[in-house]
Amino acid sequence: MSILRTMGIAVALAGLAACSVERPPGGVQGDPVRGKIALTQYACQSCHLIPGVPGSKVYVGRPLSDMGRRKVLAGAVPNDQAGLMRWIRDPQSVDPNTAMPNMGVTERDARDMSAYLLSH
Ligand code: HEC
């Protein structure tokens, strides 16, 4: 492998690292860094693969990756911050039959979690 190629890969990796800087898209409120911590405090990773959060390899719910690019949540509500917060705080209000439990997430925690999820 040439030195130039090695340098190219290093630059590409640095670019990837820069992409993972926690910055939510425009209009999204909340603190994604705090949101990441809240996601682990509520143990969301026990049922979901979450980008950047180590967890089990047995998933009950779908992976929560690419949330920033999805249009619809749980096949039912628009995937914007309001929809995501509503789902996280009270999934049964969206789908009474969902297997996801209501975990008593506070409004602030749900806002920060959605800020984290929408930035990934
Ligand atoms: C006991 C397992 C379980 C736990 C714990 C859990 N979830 Fe879920 N979650 C599910 C299931 C099952 C679904 C799929 C619901 C559906 O599609 O009807 C889901 C769906 C979702 C969705 C919608 C995903 C999509 O693809 O549309 C989001 C967002 C979500 N969960 C976030 C969270 C967050 C945040 C937490 C932590 C507060 C959490 N979940 C904790 C089981 C769980």
# chains A, B, ... in the order shown; residues from 1 in each chain; ligands from 1
>>> closest_atom_pairs(of="chain A", to="ligand 1", cutoff="8 Å", atoms="only C-alpha atoms and all ligand atoms", output="Markdown table")
| residue | atom | partner | partner_atom_place_in_ligand_line | distance |
| --- | --- | --- | --- | --- |
| A:Ala38 | CA | ligand 1 | 38 (C) | 7.9 |
| A:Leu39 | CA | ligand 1 | 37 (C) | 5.7 |
| A:Thr40 | CA | ligand 1 | 37 (C) | 7.9 |
| A:Tyr42 | CA | ligand 1 | 38 (C) | 5.3 |
| A:Ala43 | CA | ligand 1 | 37 (C) | 6.0 |
| A:Cys44 | CA | ligand 1 | 37 (C) | 3.5 |
| A:Gln45 | CA | ligand 1 | 41 (C) | 7.0 |
| A:Ser46 | CA | ligand 1 | 5 (C) | 5.8 |
| A:Cys47 | CA | ligand 1 | 2 (C) | 4.4 |
| A:His48 | CA | ligand 1 | 7 (N) | 6.4 |
| A:Val60 | CA | ligand 1 | 12 (C) | 5.2 |
| A:Gly61 | CA | ligand 1 | 11 (C) | 3.7 |
| A:Arg62 | CA | ligand 1 | 26 (O) | 5.3 |
| A:Pro63 | CA | ligand 1 | 26 (O) | 6.8 |
| A:Leu64 | CA | ligand 1 | 24 (C) | 6.1 |
| A:Met67 | CA | ligand 1 | 29 (C) | 7.6 |
| A:Val72 | CA | ligand 1 | 27 (O) | 6.4 |
| A:Leu73 | CA | ligand 1 | 27 (O) | 3.5 |
| A:Ala74 | CA | ligand 1 | 27 (O) | 3.3 |
| A:Gly75 | CA | ligand 1 | 27 (O) | 6.0 |
| A:Ala76 | CA | ligand 1 | 27 (O) | 8.0 |
| A:Asn79 | CA | ligand 1 | 27 (O) | 7.9 |
| A:Leu84 | CA | ligand 1 | 29 (C) | 5.9 |
| A:Trp87 | CA | ligand 1 | 29 (C) | 6.6 |
| A:Ile88 | CA | ligand 1 | 35 (C) | 5.2 |
| A:Arg89 | CA | ligand 1 | 38 (C) | 7.5 |
| A:Pro91 | CA | ligand 1 | 21 (C) | 7.9 |
| A:Asp95 | CA | ligand 1 | 18 (O) | 6.5 |
| A:Asn97 | CA | ligand 1 | 18 (O) | 7.4 |
| A:Thr98 | CA | ligand 1 | 18 (O) | 4.7 |
| A:Ala99 | CA | ligand 1 | 12 (C) | 4.4 |
| A:Met100 | CA | ligand 1 | 42 (C) | 3.7 |
| A:Pro101 | CA | ligand 1 | 1 (C) | 5.8 |
| A:Met103 | CA | ligand 1 | 38 (C) | 6.1 |
| A:Val105 | CA | ligand 1 | 38 (C) | 6.3 |
| A:Ala110 | CA | ligand 1 | 35 (C) | 7.2 |
| A:Met113 | CA | ligand 1 | 35 (C) | 6.3 |
| A:Ser114 | CA | ligand 1 | 35 (C) | 7.4 |
| A:Leu117 | CA | ligand 1 | 29 (C) | 7.9 |
>>> residues_around(residues="A:Glu107", least_positions_apart="4", cutoff="9 Å", atoms="only C-alpha atoms", output="MDAnalysis selection string")
chainID A and resid 85 89 111:112
>>> write_last_selection(atoms="all heavy atoms", output="PDB file, in the first residue's frame")
ATOM      1  N   MET A  85     -40.812  11.936  20.413  1.00  0.00           N
ATOM      2  CA  MET A  85     -40.998  12.130  21.858  1.00  0.00           C
ATOM      3  C   MET A  85     -42.284  11.473  22.330  1.00  0.00           C
ATOM      4  O   MET A  85     -42.325  10.851  23.392  1.00  0.00           O
ATOM      5  CB  MET A  85     -41.020  13.627  22.193  1.00  0.00           C
ATOM      6  CG  MET A  85     -39.644  14.266  22.151  1.00  0.00           C
ATOM      7  SD  MET A  85     -39.717  16.036  22.465  1.00  0.00           S
ATOM      8  CE  MET A  85     -40.289  16.060  24.174  1.00  0.00           C
ATOM      9  N   ARG A  89     -42.317   8.441  25.059  1.00  0.00           N
ATOM     10  CA  ARG A  89     -42.960   8.645  26.358  1.00  0.00           C
ATOM     11  C   ARG A  89     -44.187   7.761  26.553  1.00  0.00           C
ATOM     12  O   ARG A  89     -44.495   7.365  27.679  1.00  0.00           O
ATOM     13  CB  ARG A  89     -43.356  10.117  26.517  1.00  0.00           C
ATOM     14  CG  ARG A  89     -42.132  11.036  26.525  1.00  0.00           C
ATOM     15  CD  ARG A  89     -42.455  12.386  27.090  1.00  0.00           C
ATOM     16  NE  ARG A  89     -42.790  12.291  28.499  1.00  0.00           N
ATOM     17  CZ  ARG A  89     -43.489  13.193  29.172  1.00  0.00           C
ATOM     18  NH1 ARG A  89     -43.945  14.264  28.558  1.00  0.00           N
ATOM     19  NH2 ARG A  89     -43.745  13.035  30.439  1.00  0.00           N
ATOM     20  N   ARG A 111     -36.821  14.445  25.029  1.00  0.00           N
ATOM     21  CA  ARG A 111     -36.330  15.457  24.077  1.00  0.00           C
ATOM     22  C   ARG A 111     -34.858  15.204  23.770  1.00  0.00           C
ATOM     23  O   ARG A 111     -34.430  15.213  22.617  1.00  0.00           O
ATOM     24  CB  ARG A 111     -36.531  16.858  24.645  1.00  0.00           C
ATOM     25  CG  ARG A 111     -36.102  17.950  23.665  1.00  0.00           C
ATOM     26  CD  ARG A 111     -36.348  19.361  24.192  1.00  0.00           C
ATOM     27  NE  ARG A 111     -37.754  19.576  24.520  1.00  0.00           N
ATOM     28  CZ  ARG A 111     -38.238  19.752  25.757  1.00  0.00           C
ATOM     29  NH1 ARG A 111     -37.418  19.788  26.774  1.00  0.00           N
ATOM     30  NH2 ARG A 111     -39.524  19.921  25.966  1.00  0.00           N
ATOM     31  N   ASP A 112     -34.071  14.933  24.828  1.00  0.00           N
ATOM     32  CA  ASP A 112     -32.641  14.715  24.627  1.00  0.00           C
ATOM     33  C   ASP A 112     -32.387  13.406  23.869  1.00  0.00           C
ATOM     34  O   ASP A 112     -31.525  13.340  23.001  1.00  0.00           O
ATOM     35  CB  ASP A 112     -31.918  14.705  25.981  1.00  0.00           C
ATOM     36  CG  ASP A 112     -31.934  16.089  26.638  1.00  0.00           C
ATOM     37  OD1 ASP A 112     -32.173  17.089  25.935  1.00  0.00           O
ATOM     38  OD2 ASP A 112     -31.702  16.165  27.867  1.00  0.00           O
TER      39      ASP A 112
END
>>> atom_distance(atom1="atom CA of A:Pro78", atom2="atom CA of A:Tyr59")
23.1 Å
>>> select_by_dssp(residues="stretch 12-73 of chain A", states="strand (DSSP E or B)", output="count of residues only")
4
>>> select_by_dssp(residues="stretch 16-94 of chain A", states="helix (DSSP H, G or I)", output="PyMOL selection string")
chain A and resi 16-19+32-41+44-46+67-69+81-89+91-94
